[in-house]
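Q: Before I ask anything, let me first share the structure, which is written out below as structure tokens.
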Amino acid sequence: MNEFDQFVKHKLKAKYYIRYADDFVVLSQDKSWLEELLPKAGDFLEERLRLNLHPDKVFIKTLNSGVDFLGWVHFADHRVLRTTTKQRMLKRLKISQKSETISSYQGLLKHGNTNKLKITMFGKRD
């Protein structure tokens, strides 16, 4: 994916670009530029790396609606756990109460605004 990183930064001139594994975000105040960027990025991924953008996971949104990235919805001053991530966690906790599972989720929940969820899941706050 480093080849894609270079393409986005140097050829497409994306000033605000973030990638982790196969997830990436490009930020811009110019919606039309983002709309032009999408097919170029998609073509590059398909032709050079034999990858495809998932049609249900590509969005152009305002920052006020949050940036959905890596299981969290990021806002300017806080982040909240994505609803599907929360539902998956609750489902898995019903199946397994192993200490490793609980510790893993408690570690994840430290990275956002999750006090109510911690009380629901574990009966306590940090």
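Simple scheme: letters A, B, ... for chains in structure tokens order, numbers from 1 for residues in each chain, numbers from 1 for ligands in the order shown.
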Just the residues within 10 Å of region 44-53 of chain A, please, counting only C-alpha atoms, with nothing from its chain fewer than 5 positions along; format it as a short mmCIF file (atom, residue, chain, number, x, y, z; two decimals) with all heavy atoms, in the first residue's frame.
A:
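Just written: selection-v1.cif:
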data_model
loop_
_atom_site.label_atom_id
_atom_site.label_comp_id
_atom_site.auth_asym_id
_atom_site.auth_seq_id
_atom_site.Cartn_x
_atom_site.Cartn_y
_atom_site.Cartn_z
N MET A 1 0.82 -1.20 0.00
CA MET A 1 0.00 0.00 0.00
C MET A 1 0.86 1.27 0.00
O MET A 1 0.34 2.34 -0.23
CB MET A 1 -0.94 0.01 1.20
CG MET A 1 -2.08 -1.00 1.13
SD MET A 1 -3.33 -0.59 -0.09
CE MET A 1 -4.18 0.74 0.69
N GLU A 3 2.81 2.19 -2.19
CA GLU A 3 2.69 2.77 -3.54
C GLU A 3 1.43 3.64 -3.63
O GLU A 3 1.45 4.71 -4.24
CB GLU A 3 2.64 1.63 -4.57
CG GLU A 3 2.74 2.09 -5.98
CD GLU A 3 2.77 0.94 -6.98
OE1 GLU A 3 2.82 -0.24 -6.57
OE2 GLU A 3 2.72 1.24 -8.18
N PHE A 4 0.36 3.18 -2.99
CA PHE A 4 -0.88 3.97 -2.98
C PHE A 4 -0.69 5.25 -2.16
O PHE A 4 -1.14 6.32 -2.56
CB PHE A 4 -2.03 3.14 -2.42
CG PHE A 4 -3.35 3.87 -2.40
CD1 PHE A 4 -3.98 4.23 -3.57
CD2 PHE A 4 -3.96 4.19 -1.19
CE1 PHE A 4 -5.18 4.91 -3.56
CE2 PHE A 4 -5.17 4.87 -1.16
CZ PHE A 4 -5.78 5.23 -2.35
N PHE A 7 1.06 7.70 -4.29
CA PHE A 7 0.15 8.18 -5.33
C PHE A 7 -0.79 9.25 -4.77
O PHE A 7 -0.95 10.32 -5.36
CB PHE A 7 -0.66 7.01 -5.90
CG PHE A 7 -1.71 7.41 -6.87
CD1 PHE A 7 -1.38 7.79 -8.16
CD2 PHE A 7 -3.05 7.41 -6.50
CE1 PHE A 7 -2.36 8.17 -9.08
CE2 PHE A 7 -4.04 7.79 -7.40
CZ PHE A 7 -3.69 8.18 -8.69
N VAL A 8 -1.40 8.97 -3.62
CA VAL A 8 -2.36 9.92 -3.03
C VAL A 8 -1.66 11.21 -2.63
O VAL A 8 -2.17 12.30 -2.90
CB VAL A 8 -3.10 9.28 -1.82
CG1 VAL A 8 -3.94 10.31 -1.09
CG2 VAL A 8 -3.96 8.12 -2.28
N ASP A 22 -5.84 -1.31 5.40
CA ASP A 22 -6.58 -1.06 4.17
C ASP A 22 -7.66 0.01 4.33
O ASP A 22 -8.47 0.21 3.42
CB ASP A 22 -7.19 -2.34 3.62
CG ASP A 22 -8.22 -2.95 4.56
OD1 ASP A 22 -8.30 -2.54 5.73
OD2 ASP A 22 -8.96 -3.85 4.11
N ASP A 23 -7.68 0.71 5.44
CA ASP A 23 -8.62 1.82 5.65
C ASP A 23 -7.89 3.14 5.44
O ASP A 23 -6.77 3.32 5.90
CB ASP A 23 -9.18 1.81 7.09
CG ASP A 23 -10.12 0.65 7.34
OD1 ASP A 23 -10.70 0.14 6.37
OD2 ASP A 23 -10.29 0.28 8.50
N LEU A 38 -11.96 10.38 -6.05
CA LEU A 38 -12.46 9.01 -5.86
C LEU A 38 -12.21 8.08 -7.04
O LEU A 38 -11.63 7.01 -6.86
CB LEU A 38 -13.95 9.03 -5.51
CG LEU A 38 -14.29 9.01 -4.05
CD1 LEU A 38 -15.79 9.14 -3.84
CD2 LEU A 38 -13.78 7.76 -3.38
N PRO A 39 -12.64 8.44 -8.26
CA PRO A 39 -12.39 7.51 -9.36
C PRO A 39 -10.91 7.33 -9.67
O PRO A 39 -10.48 6.24 -10.05
CB PRO A 39 -13.13 8.13 -10.55
CG PRO A 39 -13.47 9.51 -10.17
CD PRO A 39 -13.44 9.59 -8.67
N VAL A 58 -17.57 3.84 0.95
CA VAL A 58 -16.96 5.07 0.45
C VAL A 58 -17.96 6.20 0.67
O VAL A 58 -19.10 6.11 0.22
CB VAL A 58 -16.60 4.96 -1.04
CG1 VAL A 58 -16.08 6.28 -1.56
CG2 VAL A 58 -15.59 3.84 -1.26
#
Q: Residues of region 4-110 of chain A within 10 Å of region 118-123 of chain A: nearest atom pair and distance (Å, one decimal) for each, counting only C-alpha atoms, sorted by chain and number, as a Markdown table?
A:
| residue | atom | partner | partner_atom | distance |
| --- | --- | --- | --- | --- |
| A:Met89 | CA | A:Met121 | CA | 9.2 |
| A:Leu90 | CA | A:Met121 | CA | 7.4 |
| A:Leu93 | CA | A:Met121 | CA | 8.4 |
| A:Lys94 | CA | A:Met121 | CA | 10.0 |
| A:Ile102 | CA | A:Phe122 | CA | 8.5 |
| A:Tyr105 | CA | A:Lys118 | CA | 9.4 |
| A:Gln106 | CA | A:Lys118 | CA | 7.8 |
| A:Leu109 | CA | A:Lys118 | CA | 7.5 |
| A:Lys110 | CA | A:Lys118 | CA | 9.4 |
Q: Running DSSP on the backbone, which parts of region 28-107 of chain A land in helix (DSSP H, G or I), as a ChimeraX atom specification?
A: /A:31-49,63-65,83-95,99-107
Q: List every residue of region 11-123 of chain A that DSSP, applied to the backbone, labels as strand (DSSP E), and write the result as JSON, numbers by chain.
A: {"A": [16, 17, 18, 19, 20, 23, 24, 25, 26, 27, 67, 68, 69, 72, 73, 74, 79, 80, 81]}
Q: Would you output that residue set with C-alpha atoms, as a compact mmCIF listing (two decimals), in the first residue's frame?
A:
# COMPACT_ATOMS: atom_id res chain seq x y z
CA TYR A 16 -4.75 15.51 4.69
CA TYR A 17 -4.49 11.75 4.15
CA ILE A 18 -4.56 9.03 6.81
CA ARG A 19 -4.20 5.28 6.26
CA TYR A 20 -4.08 2.27 8.55
CA ASP A 23 -8.62 1.82 5.65
CA PHE A 24 -7.94 5.37 4.57
CA VAL A 25 -9.38 8.86 4.88
CA VAL A 26 -8.78 11.93 2.73
CA LEU A 27 -9.92 15.26 4.14
CA VAL A 67 -15.10 10.66 10.37
CA ASP A 68 -15.77 6.93 10.60
CA PHE A 69 -12.34 5.31 10.89
CA TRP A 72 -14.68 4.90 15.89
CA VAL A 73 -16.50 7.99 14.71
CA HIS A 74 -14.06 10.88 15.17
CA ARG A 79 -14.66 10.18 19.46
CA VAL A 80 -17.41 7.64 19.96
CA LEU A 81 -17.47 3.94 19.25
Q: Quick one: of A:Ala21, A:Ile60, A:Leu108, A:Leu70, who's nearest to Trp33 (chain A), counting only C-alpha atoms?
A: A:Ile60
Q: One decimal, Å: what's the distance from CA of Leu12 (chain A) over to CA of Gln29 (chain A), could you say?
A: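 So the two atoms, CA of Leu12 (chain A) and CA of Gln29 (chain A), lie 15.0 Å apart.
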Q: Could you give me, as an NGL selection string, the residues within 12 Å of Glu36 (chain A), counting only C-alpha atoms and dropping anything in the same chain fewer than 5 positions from it?
A: :A and (12 or 14 or 28 or 30-31 or 41-43 or 60)
Q: Would you mind exporting C-alpha atoms of the selected residues as a PDB file, in the first residue's frame?
A:
ATOM      1  CA  LEU A  12      -3.320  13.523  -6.208  1.00  0.00           C
ATOM      2  CA  ALA A  14      -3.861  15.151  -0.874  1.00  0.00           C
ATOM      3  CA  SER A  28     -10.583  18.415   2.169  1.00  0.00           C
ATOM      4  CA  ASP A  30     -13.361  21.055  -1.481  1.00  0.00           C
ATOM      5  CA  LYS A  31     -16.137  18.519  -2.098  1.00  0.00           C
ATOM      6  CA  ALA A  41      -7.911   6.471  -6.423  1.00  0.00           C
ATOM      7  CA  GLY A  42     -10.219   3.605  -7.368  1.00  0.00           C
ATOM      8  CA  ASP A  43      -8.580   3.202 -10.781  1.00  0.00           C
ATOM      9  CA  ILE A  60     -18.029  12.044   1.237  1.00  0.00           C
TER      10      ILE A  60
END
